[in-house]
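Undergrad: Data: coords_32.cif, mmCIF, C-alpha atoms.
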data_query
#
loop_
_atom_site.label_atom_id
_atom_site.label_comp_id
_atom_site.auth_asym_id
_atom_site.auth_seq_id
_atom_site.Cartn_x
_atom_site.Cartn_y
_atom_site.Cartn_z
CA MET A 246 71.47 -71.60 -111.24
CA PRO A 247 75.14 -72.35 -112.05
CA HIS A 248 75.80 -75.84 -113.34
CA PRO A 249 78.67 -77.97 -112.04
CA LYS A 250 81.65 -78.74 -114.24
CA ILE A 251 80.85 -82.08 -115.89
CA ILE A 252 83.73 -84.13 -117.27
CA THR A 253 83.16 -87.49 -118.93
CA THR A 254 85.80 -89.79 -120.41
CA GLN A 255 84.72 -92.04 -123.27
CA SER A 256 81.38 -90.23 -123.38
CA GLU A 257 80.25 -92.04 -126.52
CA ILE A 258 79.88 -95.52 -125.08
CA PRO A 259 77.59 -97.98 -126.88
CA GLN A 260 74.21 -98.89 -125.43
CA THR A 261 74.13 -102.24 -127.25
CA ILE A 262 76.64 -104.62 -128.83
CA ASP A 263 76.29 -107.29 -131.52
CA VAL A 264 76.75 -110.94 -130.55
CA MET A 265 76.41 -114.22 -132.41
CA VAL A 266 73.64 -116.57 -131.25
CA HIS A 267 72.20 -119.90 -132.35
CA ASP A 268 68.45 -120.32 -132.75
CA GLU A 269 66.39 -123.44 -131.97
CA TYR A 270 67.41 -124.96 -135.33
CA GLY A 271 71.13 -124.41 -134.78
CA GLU A 272 71.23 -121.53 -137.25
CA THR A 273 73.60 -118.65 -136.43
CA MET A 274 72.50 -115.06 -136.45
CA THR A 275 73.63 -111.67 -135.15
CA LYS A 276 71.62 -110.16 -132.30
CA GLN A 277 72.00 -107.06 -130.17
CA ILE A 278 72.23 -107.21 -126.39
CA ALA A 279 72.14 -104.37 -123.86
CA CYS A 280 75.40 -103.24 -122.30
CA GLU A 281 75.77 -103.27 -118.50
CA ARG A 282 78.49 -101.38 -116.65
CA ALA A 283 79.53 -100.87 -113.05
CA LEU A 284 79.83 -97.25 -111.92
CA THR A 285 81.14 -96.59 -108.40
CA VAL A 286 79.88 -93.30 -106.97
CA TYR A 287 82.06 -91.10 -104.75
CA LEU A 288 80.78 -88.02 -102.91
CA ASN A 289 83.60 -85.70 -101.88
CA TRP A 290 85.91 -88.70 -102.31
CA GLN A 291 83.91 -90.97 -100.02
CA GLU A 292 82.66 -94.16 -101.68
CA ILE A 293 78.86 -94.36 -101.60
CA VAL A 294 77.61 -97.17 -103.84
CA THR A 295 78.27 -99.07 -107.06
CA LEU A 296 75.47 -98.76 -109.63
CA MET A 297 74.94 -101.20 -112.49
CA THR A 298 73.89 -99.08 -115.46
CA LEU A 299 73.48 -98.85 -119.21
CA GLY A 300 75.46 -95.62 -118.98
CA ALA A 301 73.22 -93.44 -121.14
CA ARG A 302 73.41 -90.26 -118.99
CA PRO A 303 75.76 -91.15 -116.13
CA ASP A 304 76.17 -87.60 -114.81
CA MET A 305 72.42 -87.12 -114.34
CA LEU A 306 72.06 -90.64 -112.95
CA VAL A 307 74.66 -90.00 -110.25
CA LEU A 308 73.25 -86.60 -109.29
CA GLY A 309 69.70 -87.94 -109.20
CA TYR A 310 70.74 -90.92 -107.10
CA LEU A 311 72.50 -88.73 -104.52
CA LYS A 312 69.58 -86.30 -104.47
CA ASN A 313 66.98 -89.05 -103.98
CA GLN A 314 69.06 -90.56 -101.15
CA GLY A 315 69.17 -87.22 -99.35
CA LEU A 316 72.96 -87.09 -99.62
CA ILE A 317 72.94 -83.76 -101.50
CA GLU A 318 70.33 -81.00 -101.46
CA ASP A 319 71.85 -77.74 -102.72
CA ALA A 320 72.40 -77.75 -106.48
CA SER A 321 74.17 -74.39 -106.32
CA ALA A 322 76.87 -75.94 -104.10
CA LEU A 323 77.87 -78.51 -106.73
CA ASP A 324 81.41 -78.03 -108.04
CA SER A 325 82.06 -80.92 -110.43
CA VAL A 326 80.92 -84.31 -111.67
CA ILE A 327 83.66 -86.47 -113.15
CA ILE A 328 82.66 -89.67 -114.97
CA ASP A 329 85.61 -91.91 -115.81
CA TRP A 330 84.62 -95.09 -117.63
CA GLN A 331 88.23 -96.31 -117.63
CA THR A 332 88.13 -96.64 -113.83
CA GLN A 333 84.33 -97.13 -113.78
CA SER A 334 83.95 -94.29 -111.30
CA ALA A 335 81.84 -91.17 -110.80
CA ALA A 336 83.18 -88.45 -108.50
CA VAL A 337 80.86 -85.69 -107.29
CA VAL A 338 82.45 -82.74 -105.52
CA THR A 339 80.31 -80.25 -103.60
CA SER A 340 80.88 -77.56 -100.97
CA GLU A 341 77.69 -78.64 -99.21
CA GLN A 342 78.36 -80.10 -95.77
CA ASN A 343 76.65 -83.37 -94.88
CA GLU A 344 77.68 -84.13 -91.31
CA ASP A 345 75.15 -86.97 -91.01
CA ILE A 346 76.42 -88.93 -94.02
CA GLU A 347 77.74 -91.85 -91.96
CA GLU A 348 74.44 -92.19 -90.10
CA THR A 349 72.50 -91.96 -93.37
CA LEU A 350 74.63 -94.65 -95.03
CA SER A 351 74.19 -96.95 -92.03
CA LYS A 352 70.42 -97.09 -92.63
CA LYS A 353 70.23 -99.26 -95.72
CA THR A 354 67.20 -100.83 -97.38
CA VAL A 355 67.58 -103.23 -100.31
CA THR A 356 64.60 -102.57 -102.55
CA SER A 357 62.84 -104.54 -105.27
CA GLY A 358 64.58 -102.55 -108.01
CA CYS A 359 66.00 -104.57 -110.89
CA GLY A 360 69.39 -105.85 -109.81
CA GLN A 361 68.44 -104.81 -106.25
CA GLY A 362 68.19 -101.10 -105.69
CA THR A 363 69.28 -99.50 -102.42
CA MET A 364 67.77 -96.67 -100.43
CA PHE A 365 69.60 -95.03 -97.52
CA GLY A 366 68.23 -93.17 -94.52
CA ASN A 367 64.67 -92.50 -93.46
CA VAL A 368 63.30 -91.21 -96.77
CA MET A 369 59.66 -91.35 -95.62
CA LYS A 370 60.43 -88.94 -92.77
CA LYS A 371 61.29 -86.31 -95.37
CA LEU A 372 57.97 -86.84 -97.16
CA GLU A 373 55.73 -86.41 -94.11
CA ASN A 374 54.71 -82.85 -95.00
CA LEU A 375 54.61 -83.33 -98.76
CA GLN A 376 51.71 -81.61 -100.51
CA LEU A 377 51.24 -82.67 -104.12
CA PRO A 378 48.84 -80.74 -106.39
CA ARG A 379 45.64 -82.48 -107.43
CA PRO A 380 45.83 -83.24 -111.16
CA HIS A 381 43.09 -83.22 -113.77
CA ILE A 382 43.73 -85.91 -116.37
CA LYS A 383 41.66 -86.60 -119.46
CA GLN A 384 41.28 -90.15 -120.70
CA SER A 385 41.93 -88.85 -124.23
CA MET A 386 45.19 -87.25 -123.06
CA LEU A 387 46.36 -90.60 -121.65
CA TYR A 388 45.63 -92.28 -124.98
CA GLY A 389 47.64 -89.60 -126.81
CA LEU A 390 50.55 -89.90 -124.39
CA LEU A 391 50.66 -93.69 -124.64
CA GLU A 392 50.70 -93.39 -128.43
CA ALA A 393 53.59 -90.90 -128.27
CA LEU A 394 55.54 -93.22 -125.98
CA THR A 395 55.45 -96.04 -128.54
CA HIS A 396 58.00 -94.09 -130.61
CA HIS A 397 60.64 -94.40 -127.87
CA ASN A 398 62.31 -97.42 -126.22
CA ASP A 399 65.02 -97.67 -128.90
CA THR A 400 67.35 -99.85 -126.83
CA TYR A 401 64.50 -102.08 -125.70
CA LYS A 402 63.33 -102.54 -129.29
CA ALA A 403 66.85 -103.45 -130.40
CA ALA A 404 67.97 -105.62 -127.50
CA GLY A 405 65.36 -105.86 -124.74
CA ALA A 406 66.55 -106.25 -121.11
CA VAL A 407 66.08 -102.56 -120.16
CA HIS A 408 63.41 -100.30 -118.69
CA GLY A 409 62.34 -96.90 -119.95
CA CYS A 410 61.09 -93.90 -117.95
CA ALA A 411 59.81 -90.52 -119.07
CA VAL A 412 58.79 -87.15 -117.68
CA CYS A 413 55.79 -85.88 -119.62
CA ARG A 414 53.49 -82.87 -119.77
CA ASP A 415 50.10 -83.66 -121.31
CA THR A 416 51.01 -85.64 -124.46
CA GLU A 417 54.52 -84.16 -124.71
CA ILE A 418 57.48 -86.29 -123.67
CA LEU A 419 59.93 -83.86 -122.08
CA SER A 420 62.67 -86.40 -121.38
CA PHE A 421 63.00 -90.15 -121.90
CA VAL A 422 65.76 -92.45 -120.70
CA GLU A 423 66.44 -96.19 -120.70
CA ASP A 424 68.58 -98.12 -118.23
CA ILE A 425 69.16 -101.59 -116.84
CA GLY A 426 66.81 -100.89 -113.93
CA ARG A 427 63.85 -98.57 -113.63
CA HIS A 428 65.34 -97.08 -110.44
CA ASN A 429 68.36 -95.89 -112.46
CA ALA A 430 66.10 -94.34 -115.08
CA VAL A 431 64.06 -92.41 -112.51
CA ASP A 432 67.24 -91.22 -110.78
CA THR A 433 68.55 -89.92 -114.12
CA LEU A 434 65.38 -87.92 -114.73
CA THR A 435 65.50 -86.65 -111.14
CA GLY A 436 69.01 -85.36 -111.74
CA GLU A 437 67.94 -83.55 -114.90
CA MET A 438 64.93 -81.89 -113.28
CA TRP A 439 66.88 -80.92 -110.17
CA LEU A 440 69.78 -79.38 -112.08
CA GLU A 441 67.41 -77.40 -114.32
CA GLY A 442 65.23 -76.27 -111.41
CA GLU A 443 62.14 -77.94 -112.91
CA THR A 444 59.06 -78.50 -110.77
CA GLY A 445 56.87 -81.59 -111.11
CA GLY A 446 53.37 -80.38 -110.33
CA ASP A 447 52.20 -80.23 -113.95
CA LYS A 448 53.88 -83.44 -115.07
CA VAL A 449 53.23 -87.18 -115.48
CA PHE A 450 55.89 -89.80 -114.80
CA TYR A 451 55.85 -92.88 -117.04
CA THR A 452 57.71 -96.15 -116.55
CA THR A 453 57.73 -99.49 -118.30
CA GLY A 454 58.43 -101.16 -114.95
CA ARG A 455 56.25 -102.15 -112.02
CA LEU A 456 55.11 -99.55 -109.49
CA THR A 457 56.79 -100.49 -106.23
CA SER A 458 57.24 -98.46 -103.05
CA GLU A 459 60.63 -97.28 -104.36
CA MET A 460 59.12 -95.86 -107.54
CA VAL A 461 56.32 -94.10 -105.66
CA ILE A 462 58.78 -92.54 -103.20
CA LYS A 463 61.12 -91.29 -105.92
CA VAL A 464 58.32 -89.79 -108.01
CA ALA A 465 56.94 -88.11 -104.87
CA GLN A 466 60.41 -86.65 -104.25
CA MET A 467 60.23 -85.17 -107.75
CA GLY A 468 56.91 -83.52 -106.87
CA ILE A 469 55.07 -85.34 -109.68
CA PRO A 470 51.44 -86.23 -108.80
CA VAL A 471 50.73 -88.80 -111.55
CA LEU A 472 52.46 -92.16 -111.97
CA LEU A 473 51.77 -94.15 -115.14
CA SER A 474 53.07 -97.65 -115.89
CA ARG A 475 52.84 -100.29 -118.58
CA SER A 476 53.29 -102.89 -115.84
CA GLY A 477 51.58 -103.73 -112.54
CA ILE A 478 51.81 -102.51 -108.95
CA THR A 479 52.68 -103.84 -105.50
CA GLN A 480 50.66 -103.59 -102.31
CA MET A 481 53.19 -101.29 -100.62
CA GLY A 482 53.39 -99.15 -103.73
CA LEU A 483 49.62 -98.68 -103.63
CA ASP A 484 49.60 -97.94 -99.89
CA LEU A 485 52.23 -95.23 -100.35
CA ALA A 486 50.42 -93.74 -103.37
CA LYS A 487 47.30 -93.37 -101.22
CA GLN A 488 49.31 -91.91 -98.36
CA LEU A 489 51.13 -89.39 -100.57
CA GLY A 490 48.19 -88.52 -102.83
CA ILE A 491 49.68 -89.86 -106.06
CA THR A 492 47.34 -90.82 -108.88
CA MET A 493 48.45 -94.34 -109.83
CA ILE A 494 47.64 -95.72 -113.28
CA ALA A 495 48.97 -99.12 -114.32
CA ARG A 496 48.58 -101.81 -117.01
CA ALA A 497 48.54 -98.93 -119.46
CA LYS A 498 48.95 -99.82 -123.12
CA GLY A 499 47.04 -98.73 -126.21
CA HIS A 500 43.52 -97.85 -125.05
CA ARG A 501 43.66 -99.83 -121.83
CA PHE A 502 44.62 -98.73 -118.34
CA GLN A 503 43.64 -99.38 -114.73
CA VAL A 504 43.43 -96.60 -112.12
CA PHE A 505 44.47 -97.96 -108.72
CA ASN A 506 44.38 -94.61 -106.92
CA GLY A 507 43.01 -91.18 -107.80
CA ALA A 508 40.14 -92.17 -110.11
CA GLU A 509 38.39 -88.94 -109.06
CA ASN A 510 41.14 -87.06 -110.92
CA ILE A 511 40.38 -88.76 -114.25
CA GLU A 512 37.91 -87.29 -116.74
CA PHE A 513 36.58 -90.22 -118.76
CA ASP A 514 35.90 -88.31 -121.98
CA VAL A 515 36.21 -91.15 -124.53
CA LYS A 516 33.44 -93.65 -125.20
CA GLY A 517 33.95 -96.89 -127.06
CA GLY A 518 37.71 -96.39 -127.25
CA ARG A 519 38.80 -99.74 -125.91
CA ASP A 520 41.02 -101.97 -128.02
CA GLU A 521 39.31 -105.25 -128.88
#
Mind converting the file's structure to structure tokens?

TA:
Amino acid sequence: MPHPKIITTQSEIPQTIDVMVHDEYGETMTKQIACERALTVYLNWQEIVTLMTLGARPDMLVLGYLKNQGLIEDASALDSVIIDWQTQSAAVVTSEQNEDIEETLSKKTVTSGCGQGTMFGNVMKKLENLQLPRPHIKQSMLYGLLEALTHHNDTYKAAGAVHGCAVCRDTEILSFVEDIGRHNAVDTLTGEMWLEGETGGDKVFYTTGRLTSEMVIKVAQMGIPVLLSRSGITQMGLDLAKQLGITMIARAKGHRFQVFNGAENIEFDVKGGRDE
């Protein structure tokens, strides 16, 4: 599949900066904080949305966002992606025709994503006929994957204030990204998978953030049947996981996890492995 021309100005932008702070005793020290940038997205020169982002992989973020919103579908029709940090803009040009774009943009839902995510159109309508494969997950594999994930989160370890997401296969982390909001991170990974023609049936999606309806929908759009989180879940997130057949595992850290949906897909092959 041909890739679009990707042009980025100031591609090496910092993820954190040093600032001076005072502690509770009035002592000064240098600390790192996460960077946050506005990036206005244009599709064929029409303004779509402004995303607040860390800016780690802006091209994949923009493509994943547009794909998840149903605003683009045909990767082979993509012509160019131009990221210009001087004007804080991202321009995507495609030969694909989207005659319903105005109607899609008029149907707006503000989600619970960090900083308020937005979803356009009737995304659930497009998932009505979704058939996800039934996974087989070993408890020991989950422990190995959680251990591997502890070696990531570089920005979070340095500065906090960000979420991390990963696409994994067994205990292998195929791609990991951090951003201001978990919805940005999942969009970035969506863009990568979509552009590379990757399928999700044999993969696990991990996030440090809570499992809301938005996260479940986006992972379902990626075709990934297993959703793993260090955090908790929401009622609507659980309802959608049951509806879409997604195995939902939350509160996962060390040797602890809670299966909220799809326990029949877990092989509990470790005894006495719980952290005390």

Undergrad: Excluding same-chain residues fewer than 2 positions from Met460 of chain A, what lies within 8 Å of it counting only C-alpha atoms, as a PyMOL selection string?

TA: chain A and resi 428+431+456-458+462-464+482

Undergrad: Take the PyMOL selection byres ((chain A and resi 472) around 7), run it mentally on this structure, and tell me the resulting residues as a short mmCIF file (atom, residue, chain, number, x, y, z; two decimals) with C-alpha atoms, in the coordinates of the input.

TA:
data_model
loop_
_atom_site.label_atom_id
_atom_site.label_comp_id
_atom_site.auth_asym_id
_atom_site.auth_seq_id
_atom_site.Cartn_x
_atom_site.Cartn_y
_atom_site.Cartn_z
CA VAL A 449 53.23 -87.18 -115.48
CA PHE A 450 55.89 -89.80 -114.80
CA TYR A 451 55.85 -92.88 -117.04
CA PRO A 470 51.44 -86.23 -108.80
CA VAL A 471 50.73 -88.80 -111.55
CA LEU A 473 51.77 -94.15 -115.14
CA SER A 474 53.07 -97.65 -115.89
CA ILE A 491 49.68 -89.86 -106.06
CA THR A 492 47.34 -90.82 -108.88
CA MET A 493 48.45 -94.34 -109.83
CA ILE A 494 47.64 -95.72 -113.28
#

Undergrad: Report the residues retrieved by the PyMOL selection byres ((chain A and resi 249-263) around 6) from the displayed file, expressed as a PyMOL selection string.

TA: chain A and resi 248+264+276-280+323-329

Undergrad: Check what the PyMOL selection byres ((chain A and resi 495) around 6) selects in the file above and give those residues as JSON, numbers by chain.

TA: {"A": [473, 474, 475, 476, 477, 494, 496, 497, 502, 503]}

Undergrad: Only C-alpha atoms, please: the residues just picked out, written as a PDB file, in the frame of the given file.

TA:
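So selection_34.pdb came out as:
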ATOM      1  CA  LEU A 473      51.770 -94.150-115.140  1.00  0.00           C
ATOM      2  CA  SER A 474      53.070 -97.650-115.890  1.00  0.00           C
ATOM      3  CA  ARG A 475      52.840-100.290-118.580  1.00  0.00           C
ATOM      4  CA  SER A 476      53.290-102.890-115.840  1.00  0.00           C
ATOM      5  CA  GLY A 477      51.580-103.730-112.540  1.00  0.00           C
ATOM      6  CA  ILE A 494      47.640 -95.720-113.280  1.00  0.00           C
ATOM      7  CA  ARG A 496      48.580-101.810-117.010  1.00  0.00           C
ATOM      8  CA  ALA A 497      48.540 -98.930-119.460  1.00  0.00           C
ATOM      9  CA  PHE A 502      44.620 -98.730-118.340  1.00  0.00           C
ATOM     10  CA  GLN A 503      43.640 -99.380-114.730  1.00  0.00           C
TER      11      GLN A 503
END

Undergrad: Would you compute the distance between atom CA of Lys383 of chain A and atom CA of Phe513 of chain A? Give it in Å to one decimal.

TA: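 For atom CA of Lys383 of chain A relative to atom CA of Phe513 of chain A, the distance reads 6.3 Å.
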
Undergrad: When you draw a straight line from atom CA of Ser340 of chain A to atom CA of Met305 of chain A, how long is it in Å?

TA: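 Straight-line distance from atom CA of Ser340 of chain A to atom CA of Met305 of chain A works out to 18.5 Å.
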
Undergrad: Pick out the residues sitting within 10 Å of segment 407-422 of chain A, and hand them over as an mmCIF file with C-alpha atoms, in the coordinates of the input; count all atoms listed in the file, and ignore anything fewer than 4 positions along from it in its own chain.

TA:
data_model
loop_
_atom_site.group_PDB
_atom_site.id
_atom_site.type_symbol
_atom_site.label_atom_id
_atom_site.label_comp_id
_atom_site.auth_asym_id
_atom_site.auth_seq_id
_atom_site.Cartn_x
_atom_site.Cartn_y
_atom_site.Cartn_z
ATOM 1 C CA ILE A 278 72.230 -107.210 -126.390
ATOM 2 C CA ALA A 279 72.140 -104.370 -123.860
ATOM 3 C CA CYS A 280 75.400 -103.240 -122.300
ATOM 4 C CA GLU A 281 75.770 -103.270 -118.500
ATOM 5 C CA THR A 298 73.890 -99.080 -115.460
ATOM 6 C CA LEU A 299 73.480 -98.850 -119.210
ATOM 7 C CA ALA A 301 73.220 -93.440 -121.140
ATOM 8 C CA ARG A 302 73.410 -90.260 -118.990
ATOM 9 C CA CYS A 359 66.000 -104.570 -110.890
ATOM 10 C CA ILE A 382 43.730 -85.910 -116.370
ATOM 11 C CA LYS A 383 41.660 -86.600 -119.460
ATOM 12 C CA SER A 385 41.930 -88.850 -124.230
ATOM 13 C CA MET A 386 45.190 -87.250 -123.060
ATOM 14 C CA LEU A 387 46.360 -90.600 -121.650
ATOM 15 C CA TYR A 388 45.630 -92.280 -124.980
ATOM 16 C CA GLY A 389 47.640 -89.600 -126.810
ATOM 17 C CA LEU A 390 50.550 -89.900 -124.390
ATOM 18 C CA LEU A 391 50.660 -93.690 -124.640
ATOM 19 C CA GLU A 392 50.700 -93.390 -128.430
ATOM 20 C CA ALA A 393 53.590 -90.900 -128.270
ATOM 21 C CA LEU A 394 55.540 -93.220 -125.980
ATOM 22 C CA HIS A 397 60.640 -94.400 -127.870
ATOM 23 C CA ASN A 398 62.310 -97.420 -126.220
ATOM 24 C CA ASP A 399 65.020 -97.670 -128.900
ATOM 25 C CA THR A 400 67.350 -99.850 -126.830
ATOM 26 C CA TYR A 401 64.500 -102.080 -125.700
ATOM 27 C CA LYS A 402 63.330 -102.540 -129.290
ATOM 28 C CA GLY A 426 66.810 -100.890 -113.930
ATOM 29 C CA ARG A 427 63.850 -98.570 -113.630
ATOM 30 C CA HIS A 428 65.340 -97.080 -110.440
ATOM 31 C CA ASN A 429 68.360 -95.890 -112.460
ATOM 32 C CA ALA A 430 66.100 -94.340 -115.080
ATOM 33 C CA VAL A 431 64.060 -92.410 -112.510
ATOM 34 C CA ASP A 432 67.240 -91.220 -110.780
ATOM 35 C CA THR A 433 68.550 -89.920 -114.120
ATOM 36 C CA LEU A 434 65.380 -87.920 -114.730
ATOM 37 C CA THR A 435 65.500 -86.650 -111.140
ATOM 38 C CA GLU A 437 67.940 -83.550 -114.900
ATOM 39 C CA MET A 438 64.930 -81.890 -113.280
ATOM 40 C CA GLY A 445 56.870 -81.590 -111.110
ATOM 41 C CA GLY A 446 53.370 -80.380 -110.330
ATOM 42 C CA ASP A 447 52.200 -80.230 -113.950
ATOM 43 C CA LYS A 448 53.880 -83.440 -115.070
ATOM 44 C CA VAL A 449 53.230 -87.180 -115.480
ATOM 45 C CA PHE A 450 55.890 -89.800 -114.800
ATOM 46 C CA TYR A 451 55.850 -92.880 -117.040
ATOM 47 C CA THR A 452 57.710 -96.150 -116.550
ATOM 48 C CA THR A 453 57.730 -99.490 -118.300
ATOM 49 C CA GLY A 454 58.430 -101.160 -114.950
ATOM 50 C CA ARG A 455 56.250 -102.150 -112.020
ATOM 51 C CA ILE A 469 55.070 -85.340 -109.680
ATOM 52 C CA VAL A 471 50.730 -88.800 -111.550
ATOM 53 C CA LEU A 472 52.460 -92.160 -111.970
ATOM 54 C CA LEU A 473 51.770 -94.150 -115.140
ATOM 55 C CA SER A 474 53.070 -97.650 -115.890
#

Undergrad: When you draw a straight line from atom CA of Leu311 of chain A to atom CA of Gln376 of chain A, how long is it in Å?

TA: 22.3 Å

Undergrad: For Ala404 of chain A, which residue out of A:Asp268, A:Leu483, A:Ala283, A:Thr275 is the nearest one, using all atoms listed in the file?

TA: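 Once distances to Ala404 of chain A are computed over all atoms listed in the file, the minimum belongs to A:Thr275.
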
Undergrad: Show me, as AutoDock Vina command-line options, the centre and edge lengths in Å to one decimal of the axis-aligned box that covers every listed atom of segment 433-438 of chain A with 3 Å on each side.

TA:
--center_x 67.0 --center_y -85.9 --center_z -113.0 --size_x 10.1 --size_y 14.0 --size_z 9.8

Undergrad: Check the smallest atom-to-atom distance from each of A:Leu308, A:Gln480, A:Gln314, A:His500 to Val338 of chain A using only C-alpha atoms, then report the winner.

TA: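 Of A:Leu308, A:Gln480, A:Gln314, A:His500, the one nearest Val338 of chain A is A:Leu308, counting only C-alpha atoms.
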
Undergrad: Could you tell me which of A:Leu372, A:Ala508, A:Leu316, A:Ala322 comes closest to Met467 of chain A if we count all atoms listed in the file?

TA: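 Once distances to Met467 of chain A are computed over all atoms listed in the file, the minimum belongs to A:Leu372.
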